[in-house]
Every structure is written in C-alpha cells, then in structure tokens.
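Q: My questions will all concern the structure given below.
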Amino acid sequence: MNSPRTDPLAWTRADFPLLKRQVDGHTITHLDSASTAPKPRCVIDAVTRFYENHTANVHRGVHGLSEEATDLFERARHEVASFLNASPDEIIFTRNTTEAINLVAHGLVLKSDDEVILAPSEHHSNFMPWRVHARVMPVDLDSEGVPLYDQIDSLLSPRTRLATIAQVSNTLGVLAPVEPWIAAAHARNVPVFLDASQSASHIPIDVKALDCDFLATSGHKLLGPSGVGILYGKRERLDALSLYQTGGGMVKFHSDDRFVAHALPLRFEAGTPNIEGVIGLGAAVAYLRAIGMEAVASHSFDLGRHLVEALGAIPEVNVLAGSVPLTHRIGLATFKVETSGLSADAVARQLFDRHQILVSGGYHCAHILHHRLKLEGTIRASTHVFNTHADIDRLIEGLKDILG
Amino acid sequence: MPKTIQFPEHPLVNPNALDHALANVPFYESWRAFDPGSECPLEQRYAALPVLTKRDIRAHMPKGFVPRDRNLKAGLVSGEVEWVTTSGTTEDRSSIVWYQPWWDASEQAAASLHTGLDRVITGRQREAVLTTPLCAGTVCHIGELSLEERTLGRLLFLNQQTDPTRWLPHDMDRMIHELDQFQPDLLEADPAYLAILCRYAREQGRALYQPRFVSLTYEFPSRLHYRHIKPVFPRTPILSSYGSTETGHILTECEHGRFHQNTEYCHLDFQPLTPSLGDPRVGRILVTTLGNPWVCLLRFDIGDLIRLETGACPCGRSRGLTAARILGRTRDLTFTETGRAVTVDDLDRTVGEMDALVSYQMEQTGACDYIFHYVASTGQAEPKLVLQAGLQSIYGPGACIIMRPEAAIPTEPSGKFRLARTSGAWNHEALFMTGEESR
C-alpha cells in the first residue's frame, strides 16, 4: 500500500466528546458519520448557550432576547450561505434533506406523467418524493452499481421536469459527474436538484460554480444538530415554487379575504423553526470553514483511498464500485462479506460488540440499488474530519478477526 | 428467526461438560486457575468458578466460546450453524452461534416436564409464534412481511411490530385470521403480546383458535396477562416455559405450577440474595449448557430471579432444581425504603390481580422515591387509591410514590415490557451470596 500515513486533521479529535465514549471498557472507533456524525464541542456549546442565555422565538418578538435569538439565527443563515457560496435569501432551513426534497417535489406541482430523471442508487429520500409526485426515469446501473450517468441525454424529453442526482452516493461513496449532468439538463432547460447529504461534509461546494438549481443537505451529517436541514435554491426557482406549508412566520399580511406571504426565505419557513438546531448548524459550518474545506476534502480522499485499498486486500471482502478510481471517492466505502452465514448485520454487530467499532449494516436506505445487485445487506464504513488512518486499521483488524 | 430443521440424531450429552469446557473452549482458559480440581465434588468446582456475563459473550463470541475442535467457518458456510442476534431482553443485544438441532432437542426434552406437552412437541408440531420481531433480519426490514415470508415450514411468525400497544384493529384481525387458517398445535407467545391480542378478541366478541397448548415464554408472565389470556383459552392448557436464546430451554412449568430443570441440557447453580436484601430462597440461576457441540456456556447469568421450591412437587419430578416461581429480571429489582429487594413478582402479586388495571410499570427514581405508571381499564373505578395503598405496603409508609396514569406503557427497544425499573446504578454482583447450591 502506498497510502500516505499523515493525519493532518488528527488535532480535531479533541473537539469531539463522543470519541471518548467507552463501551465494555474500550474506547469506541466511530466510522459511521454517513449515518450521523458526532458533534464538536463548539456545536454543543452553541446550542447550550442559546438555551441558557437567549431562549426566545425568532422574527416575531419585540423584546431583547428575541432580537438576540433572531440575530443568532440569521447569522447562522449567513454562515451557511457563505459555506455554499449562495445568497442568504436562497437558504431555506428545513428539518432535513428529506423535507427539502419534498418541499421542491411538492412546490413544482408535478403531474403524474411528468418525468424526473434520477439514479436507481439514490437514497430513498431522493427517490420516494419524485416517485410519489411524478414518473421517475432512472438511468441504468453497471454491474457494480454505478449509475450510467451518460444516459441522461437519452432520457431527457419534453415531459422532463427535473433531473436529480446525489453528488456523492450514500452507499457507493463515489463522486457523481455533476457538471456534465447539469450541463445536459440545462441544455434542455431542465432544472437540476443536487442531493448533497453526503458530499457537503467532504468537499467544497460552490452552488454558483456548479450552477445547480436546487441543493439540499442535512445538519446532522455536517457535525450539526439533528432536525435541521438546508435547502438552497436559485432565487427565481424558489420564487416559482408553490407554498409548501402555511402558518405563522411565513405570512406578512393576513385578512379575511387574502394573505401575503413573506419574501424568501421566510415564505418557506412556516411555524417556529428549530432555532437551536439552526444556531448549532451555524457553529458546525463555521467549524468546518475554519478547518478549510480543501483540507477536509484532501483528508477525506486520503482516508477513502486507504479504506478501499485496505478492504480490497481482504480476500473475503468485496467493495461496492471497487473499480471506480480512488480519486473519485470520499472517505466512505460499502462492502459485502462473501463468507456464507455472516450477514451484514452480523458483521456490523460483531464489529461493535467485540471491537467497539461503529459502522452501518443493512440497506442504507438504498433498497433498489441492493435489489438490483442482489445484495442482502452490506456494511458501510464512513469517515469524517476526526478520523485517522489508525481508525481504518482498527476496522481492518476487526474484520480480519471476525472473518479469520 | 431460526430456520426449521427436523430433529436429527442429537449428539450424546457430554457427562464431563465442565472438564471439556475448561480444556477445549478458549474463553475458559483463564478460568482453569479457579478450578479446585477433579478430585473435588462437581458442585464445589462449579461454585468456585466466576460468573459468565452477557458482556463476556458480546466481547468473545464466537471464537471464545466455540470448542477448538469445531470449524466455525465451515459450519457457517455449510449452514450447520447460524449467527443470530438476541432481542436484548436483559441487556444490550448480543449475538451467538445457533445450532438448531441442539435447540430442538433441548425443547423436546423440556416438553417432557409437562404431561401432554411432550406429545405436542414432536419436532413436527405446527407452531405459531407471537413475540417481538426483533430477532429477525436487519432493522430496516422489520415490518410488513407477507404471510409467506413469515411462514417457515411448520412455524408461523404472527407479529411484525416492535410495540404491540400500537397494533391497530386490522393487525389483530389479521393475526386472529392467520391463527384460524394455520391451526397451530402450539401457540408460543410473549405473554404481554398475547394478553393484548386476547383483550381485543374479547372486546370484539371474537374467538381465538384453540391450539393444543399455549406456551408463555420470552418474558415474565404477569397475573395481569393471565387474567386476559385464560378466558380466551378455556380448554387449552397454558404453561410457562423459561429459557433464552443463549441457553436453550431451562425450566418448564409442570401441571402443578412448579418449574422443573431441563437436566439433560443444562446444569444450574443457584445464588441466593444476600440475607439483608431478601428471602434466601430467592436468587439468580447460573446456567451451564450441556451437549451443545458448538457453544459452551459455563455459569451464565441469564439475568432472572427465581424462588426455590423447598418441598416436593406433587407431580413427582425431583431431578435437578425446582423453582416455585420465576420472579422477573434481576435488573428490574426495586428496593423498599429500608433497602429490601422487591422482585417483579412481589410487585405483581400486589397489583397484577386488579381488574381496573391494563398495564403498569414501577419506576424507582431515588432511594425512597417512586413513580408508578399505569394504564387503567375504561369503565372501571379509578384504581389510584387502592394501588397506592398496596404499593405503600410493599415499599414502606415513608416511600414517596407518585401515581401517574398513562395512555400506554411503551416497550423497551427489545420489544419487551418492563414492569419495574430503577434509575440508579447498583452493584449487581453485591446482590448475591457466593456460597451457592448447584444442580
């Protein structure tokens, strides 16, 4: 193996209290951030500080604490906007990526014969909403489960209302060729929705450079709290969406005969939002920006390379999309174990019970991908900024012990 | 969900299980130093050994517990053994190597401890199972399996949800219909789950299919459960069967209500509660599995308490240990204001017979502080005052007991119910005397 063994972000480990957690007397090894990530101290403190010092509603109070809460909330929006290179008005806070996708799927007022192009490897969240609102037009998968992205050209039709893709597959860990996908769709005036749930923690995202029309991600994978997500949309695209939810907070004027909704972004944030969640997310994004997303990406690619190479060296392990170049993978690998009698669930459980290593075992909300590849569950290991090569070595040793 | 395999020839029970385990099973290498030697009585040798915990199993299964002469990899590949995960009744979930023929043989031997049951448990009996689905499959695939997917040969798994308090009428109608269609010889049920189904059937005026036996297992059968179950099975014998995924069938309730040890398949040590805590006839059992060629457990703390039967059982069975009652989980002990232990059965004896109660859970939040969560029957007098008086008689006049009516008592992550719990941490091992009886 030629993997460099430097861990330039190892210093961040001290910022994550969860990494000190012990189970059965041993410190855990966390390789499950694709599911949900541990939180750095600054996020925990931001949420706690809000509860202790600023608890109040936003955008509606006239007392000082409400103004403080609103200020913290909107600063978080600015932080997120800077993170994505968007305008703050183009950032909608949702509950999670799923809600962001549903907001757009609902807002486009799709008809049942309208078509949405996607990949069958998508997470349920970026498949089900389109399936419910329209007709999905999936590209094919190759024998390793990698979408045949080029097929978008042949699927685009006058009925196509949207093309969507995960920037990084939550199961394969592979970077999608987003730019040509967007270019192909835009050439036919079709908007593009990017699911950045996995990518936002691992690579820099510039929505203007990408020229995507919508993009969504979840706070809890970005080191932030659960229950808060981000929807980015180009202003004109968001303005064209029908209202998703109505109620307090999104309405500027309401009389017996009419109402006027707020302008962006509040028109899509009905009801009291997850204030502390947004503030915590702002702190998480600030933390990642302070590290530098270029450094984060370099680290992720480095760990991804180590992960795939080391897993590939175990004869009984088969990495999904294993032939995809290592330069196209983040620090996430999903694999199956060829030993009969050991399910993915069983391996994942043994890794935890015997080695205190946290990974995911199952279908990773990508049932169609698994069904097409005839896989009864897989195991997914995923990294974040705090992981080191030693974490991956522990995983490999644990696997060898279980399979040996 | 274990596969259905017909009974093959069962390997001979190793008469020297202890010597075999100490010599051939990797985990027990470090235990050899505790063994006073084969010249000592067997009971003394067992009593000298440490206690095997679920944590040990989690950390060292499978390699630590599979005898050296067994090739686990080959066994898994050939399908002779499977890797299964427990539901996590007493602690976190853990995984074990499952050898179906041994389990079946253990079940058949346990059935011989109740007259008539052995004629039902033949290895060919049709069996409906009503319990948490957590033992089956990966977490994201729990729920909504077809009848075909839930029928494995002679076994039908009725339930698909981890919380039966959330069953809807159509879920229970389906189960009633499937029982009618499947016509099982044996209904093996978690008593809490079956009580909910029976209560619904009675409310709807529906009859449940009458199998030849109802076996209550998986968790402590409360008097509350029996009150709902018995009227629905007026002609069917109902018995309690005790064991675990790790240990096989340990104790079977005989026709006189005592629990007899399945001596061919397990050795039991009994560790009484320390005298300051409670009755010395109450204690935990430590299980040594016998005859399983794939996994050997020595003195495994199964996590439950029993009350020893000191007299002779009218059924005439006298081999091994006889328990007067199973008393519930050790971790569900609560304590009186003077520090005496209160078993789940102690609590249940006081509140479980009340008609006005649907379900309950006692929560101890401090040395003398308690919250009693309960669901009252509709149309009955509010039971609060009667309950409070009964609970004060258990925990003491100075106990501060808050009575809290609930819409429902939820299940644990394991899909099972807890009738009592404590918030505080206590030293589990300090509860028991080390001088013990061995059977």
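Here, A, B, ... name the chains of the structure tokens in the order displayed, residue numbers run from 1 inside each chain, and ligands are numbered from 1 in the same displayed order.
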Out of range 9-167 of chain B, which residues get strand (DSSP E) from DSSP, as a ChimeraX atom specification?
A: /B:82-85,95-98,127-130,151-152,155-157
Q: Kindly export the residues of the current selection with C-alpha atoms, as a PDB file, in the first residue's frame.
A:
```
ATOM      1  CA  GLU B  82     -26.166 -19.724  12.032  1.00  0.00           C
ATOM      2  CA  TRP B  83     -25.206 -16.416  13.529  1.00  0.00           C
ATOM      3  CA  VAL B  84     -28.211 -14.972  15.349  1.00  0.00           C
ATOM      4  CA  THR B  85     -28.788 -11.900  17.457  1.00  0.00           C
ATOM      5  CA  SER B  95     -25.047 -12.387  19.012  1.00  0.00           C
ATOM      6  CA  ILE B  96     -24.478 -16.107  19.329  1.00  0.00           C
ATOM      7  CA  VAL B  97     -23.762 -19.144  17.223  1.00  0.00           C
ATOM      8  CA  TRP B  98     -27.033 -21.016  16.809  1.00  0.00           C
ATOM      9  CA  GLU B 127     -46.287 -23.718  15.920  1.00  0.00           C
ATOM     10  CA  ALA B 128     -47.446 -20.114  15.858  1.00  0.00           C
ATOM     11  CA  VAL B 129     -45.084 -17.603  17.448  1.00  0.00           C
ATOM     12  CA  LEU B 130     -46.232 -14.280  18.850  1.00  0.00           C
ATOM     13  CA  THR B 151     -44.177 -18.920   7.452  1.00  0.00           C
ATOM     14  CA  LEU B 152     -41.091 -21.077   7.759  1.00  0.00           C
ATOM     15  CA  LEU B 155     -43.586 -22.186  12.056  1.00  0.00           C
ATOM     16  CA  LEU B 156     -45.725 -19.101  11.632  1.00  0.00           C
ATOM     17  CA  PHE B 157     -44.457 -15.793  12.980  1.00  0.00           C
TER      18      PHE B 157
END
```
Q: Would you mind listing, as a PDB file with C-alpha atoms, in the first residue's frame, all residues of chain A that have at least one atom within 9 Å of chain B, where only C-alpha atoms are what counts?
A:
```
ATOM      1  CA  ASP A  24     -17.405  -2.514  27.664  1.00  0.00           C
ATOM      2  CA  THR A 339     -18.466 -15.655   3.842  1.00  0.00           C
ATOM      3  CA  SER A 340     -21.735 -17.516   3.834  1.00  0.00           C
ATOM      4  CA  GLY A 341     -23.600 -17.463   7.109  1.00  0.00           C
ATOM      5  CA  LEU A 342     -22.468 -13.988   8.125  1.00  0.00           C
ATOM      6  CA  SER A 343     -24.991 -11.319   7.253  1.00  0.00           C
ATOM      7  CA  ALA A 344     -24.065  -7.651   7.023  1.00  0.00           C
ATOM      8  CA  ASP A 345     -25.992  -7.130  10.223  1.00  0.00           C
ATOM      9  CA  ALA A 346     -23.991  -9.862  11.961  1.00  0.00           C
ATOM     10  CA  ARG A 349     -22.801  -6.141  15.264  1.00  0.00           C
ATOM     11  CA  GLN A 350     -19.638  -8.137  15.878  1.00  0.00           C
ATOM     12  CA  PHE A 352     -19.275  -3.230  17.731  1.00  0.00           C
ATOM     13  CA  ASP A 353     -19.651  -5.988  20.303  1.00  0.00           C
ATOM     14  CA  ARG A 354     -16.088  -7.220  20.055  1.00  0.00           C
ATOM     15  CA  HIS A 355     -14.146  -4.233  18.811  1.00  0.00           C
ATOM     16  CA  GLY A 361     -25.099  -2.636   8.420  1.00  0.00           C
ATOM     17  CA  GLY A 362     -28.152  -3.129   6.234  1.00  0.00           C
ATOM     18  CA  TYR A 363     -29.520  -1.423   3.151  1.00  0.00           C
ATOM     19  CA  HIS A 364     -28.595   2.201   3.912  1.00  0.00           C
ATOM     20  CA  CYS A 365     -31.988   3.375   2.609  1.00  0.00           C
ATOM     21  CA  GLY A 377     -27.459  -6.005   3.027  1.00  0.00           C
ATOM     22  CA  ILE A 402     -14.224 -11.819  12.554  1.00  0.00           C
ATOM     23  CA  LEU A 403     -13.563 -13.453   9.204  1.00  0.00           C
ATOM     24  CA  GLY A 404     -10.460 -15.345  10.234  1.00  0.00           C
TER      25      GLY A 404
END
```
Q: If we count only C-alpha atoms, what is near Thr343 in chain B at a cut-off of 8 Å, once residues fewer than 3 positions away on the same chain are taken out, given as a list in words?
A: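 Skipping anything fewer than 3 positions along the chain leaves Leu305, Leu327, Gly328, Arg329, Thr330, Asp332, Leu333, Thr334, Asp346 and Leu347 of chain B.
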Q: Using N, CA and C atoms, can you export the residues from the last selection as a PDB file, in the first residue's frame?
A:
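Saved to again21.pdb:
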```
ATOM      1  N   LEU B 305     -34.455 -13.942  38.208  1.00  0.00           N
ATOM      2  CA  LEU B 305     -34.517 -14.449  39.581  1.00  0.00           C
ATOM      3  C   LEU B 305     -35.590 -15.518  39.686  1.00  0.00           C
ATOM      4  N   LEU B 327     -39.333 -15.022  39.004  1.00  0.00           N
ATOM      5  CA  LEU B 327     -39.674 -13.764  39.686  1.00  0.00           C
ATOM      6  C   LEU B 327     -39.380 -12.504  38.884  1.00  0.00           C
ATOM      7  N   GLY B 328     -38.872 -12.659  37.667  1.00  0.00           N
ATOM      8  CA  GLY B 328     -38.567 -11.473  36.861  1.00  0.00           C
ATOM      9  C   GLY B 328     -37.076 -11.208  36.790  1.00  0.00           C
ATOM     10  N   ARG B 329     -36.729 -10.158  36.059  1.00  0.00           N
ATOM     11  CA  ARG B 329     -35.319  -9.871  35.810  1.00  0.00           C
ATOM     12  C   ARG B 329     -34.624  -9.278  37.031  1.00  0.00           C
ATOM     13  N   THR B 330     -33.357  -9.595  37.152  1.00  0.00           N
ATOM     14  CA  THR B 330     -32.570  -9.015  38.246  1.00  0.00           C
ATOM     15  C   THR B 330     -32.501  -7.494  38.094  1.00  0.00           C
ATOM     16  N   ASP B 332     -34.577  -5.575  37.057  1.00  0.00           N
ATOM     17  CA  ASP B 332     -35.857  -4.932  37.340  1.00  0.00           C
ATOM     18  C   ASP B 332     -36.187  -4.943  38.841  1.00  0.00           C
ATOM     19  N   LEU B 333     -35.220  -5.333  39.646  1.00  0.00           N
ATOM     20  CA  LEU B 333     -35.431  -5.229  41.090  1.00  0.00           C
ATOM     21  C   LEU B 333     -35.615  -3.758  41.472  1.00  0.00           C
ATOM     22  N   THR B 334     -36.529  -3.544  42.399  1.00  0.00           N
ATOM     23  CA  THR B 334     -36.612  -2.235  43.042  1.00  0.00           C
ATOM     24  C   THR B 334     -36.382  -2.479  44.530  1.00  0.00           C
ATOM     25  N   ASP B 346     -43.032  -9.858  43.321  1.00  0.00           N
ATOM     26  CA  ASP B 346     -43.558  -9.247  44.556  1.00  0.00           C
ATOM     27  C   ASP B 346     -44.541  -8.131  44.202  1.00  0.00           C
ATOM     28  N   LEU B 347     -44.109  -7.305  43.271  1.00  0.00           N
ATOM     29  CA  LEU B 347     -44.929  -6.176  42.847  1.00  0.00           C
ATOM     30  C   LEU B 347     -46.209  -6.675  42.186  1.00  0.00           C
TER      31      LEU B 347
END
```
Q: If we count only C-alpha atoms and set the cut-off at 7 Å, which residues sit around Ala119 in chain A, ignoring sequence neighbours fewer than 4 positions away in its own chain? Please answer as a PyMOL selection string.
A: chain A and resi 138-139+147+165
Q: Enumerate, as number ranges by chain, the complete set of residues in range 177-246 of chain B that a backbone-based DSSP assignment places in helix (DSSP H, G or I).
A: B: 177-182, 191-203, 223-232
Q: For a quick check of understanding, using only C-alpha atoms, which of B:Thr217, B:Thr350, B:Thr422, B:Asn427 has the smallest distance to Ala389 in chain B?
A: B:Thr350
Q: I'd like the neighbourhood of range 259-276 of chain B as a count of residues only, where a residue qualifies if any of its atoms comes within 8 Å (using only C-alpha atoms), though same-chain residues fewer than 2 positions away should be ignored.
A: 50
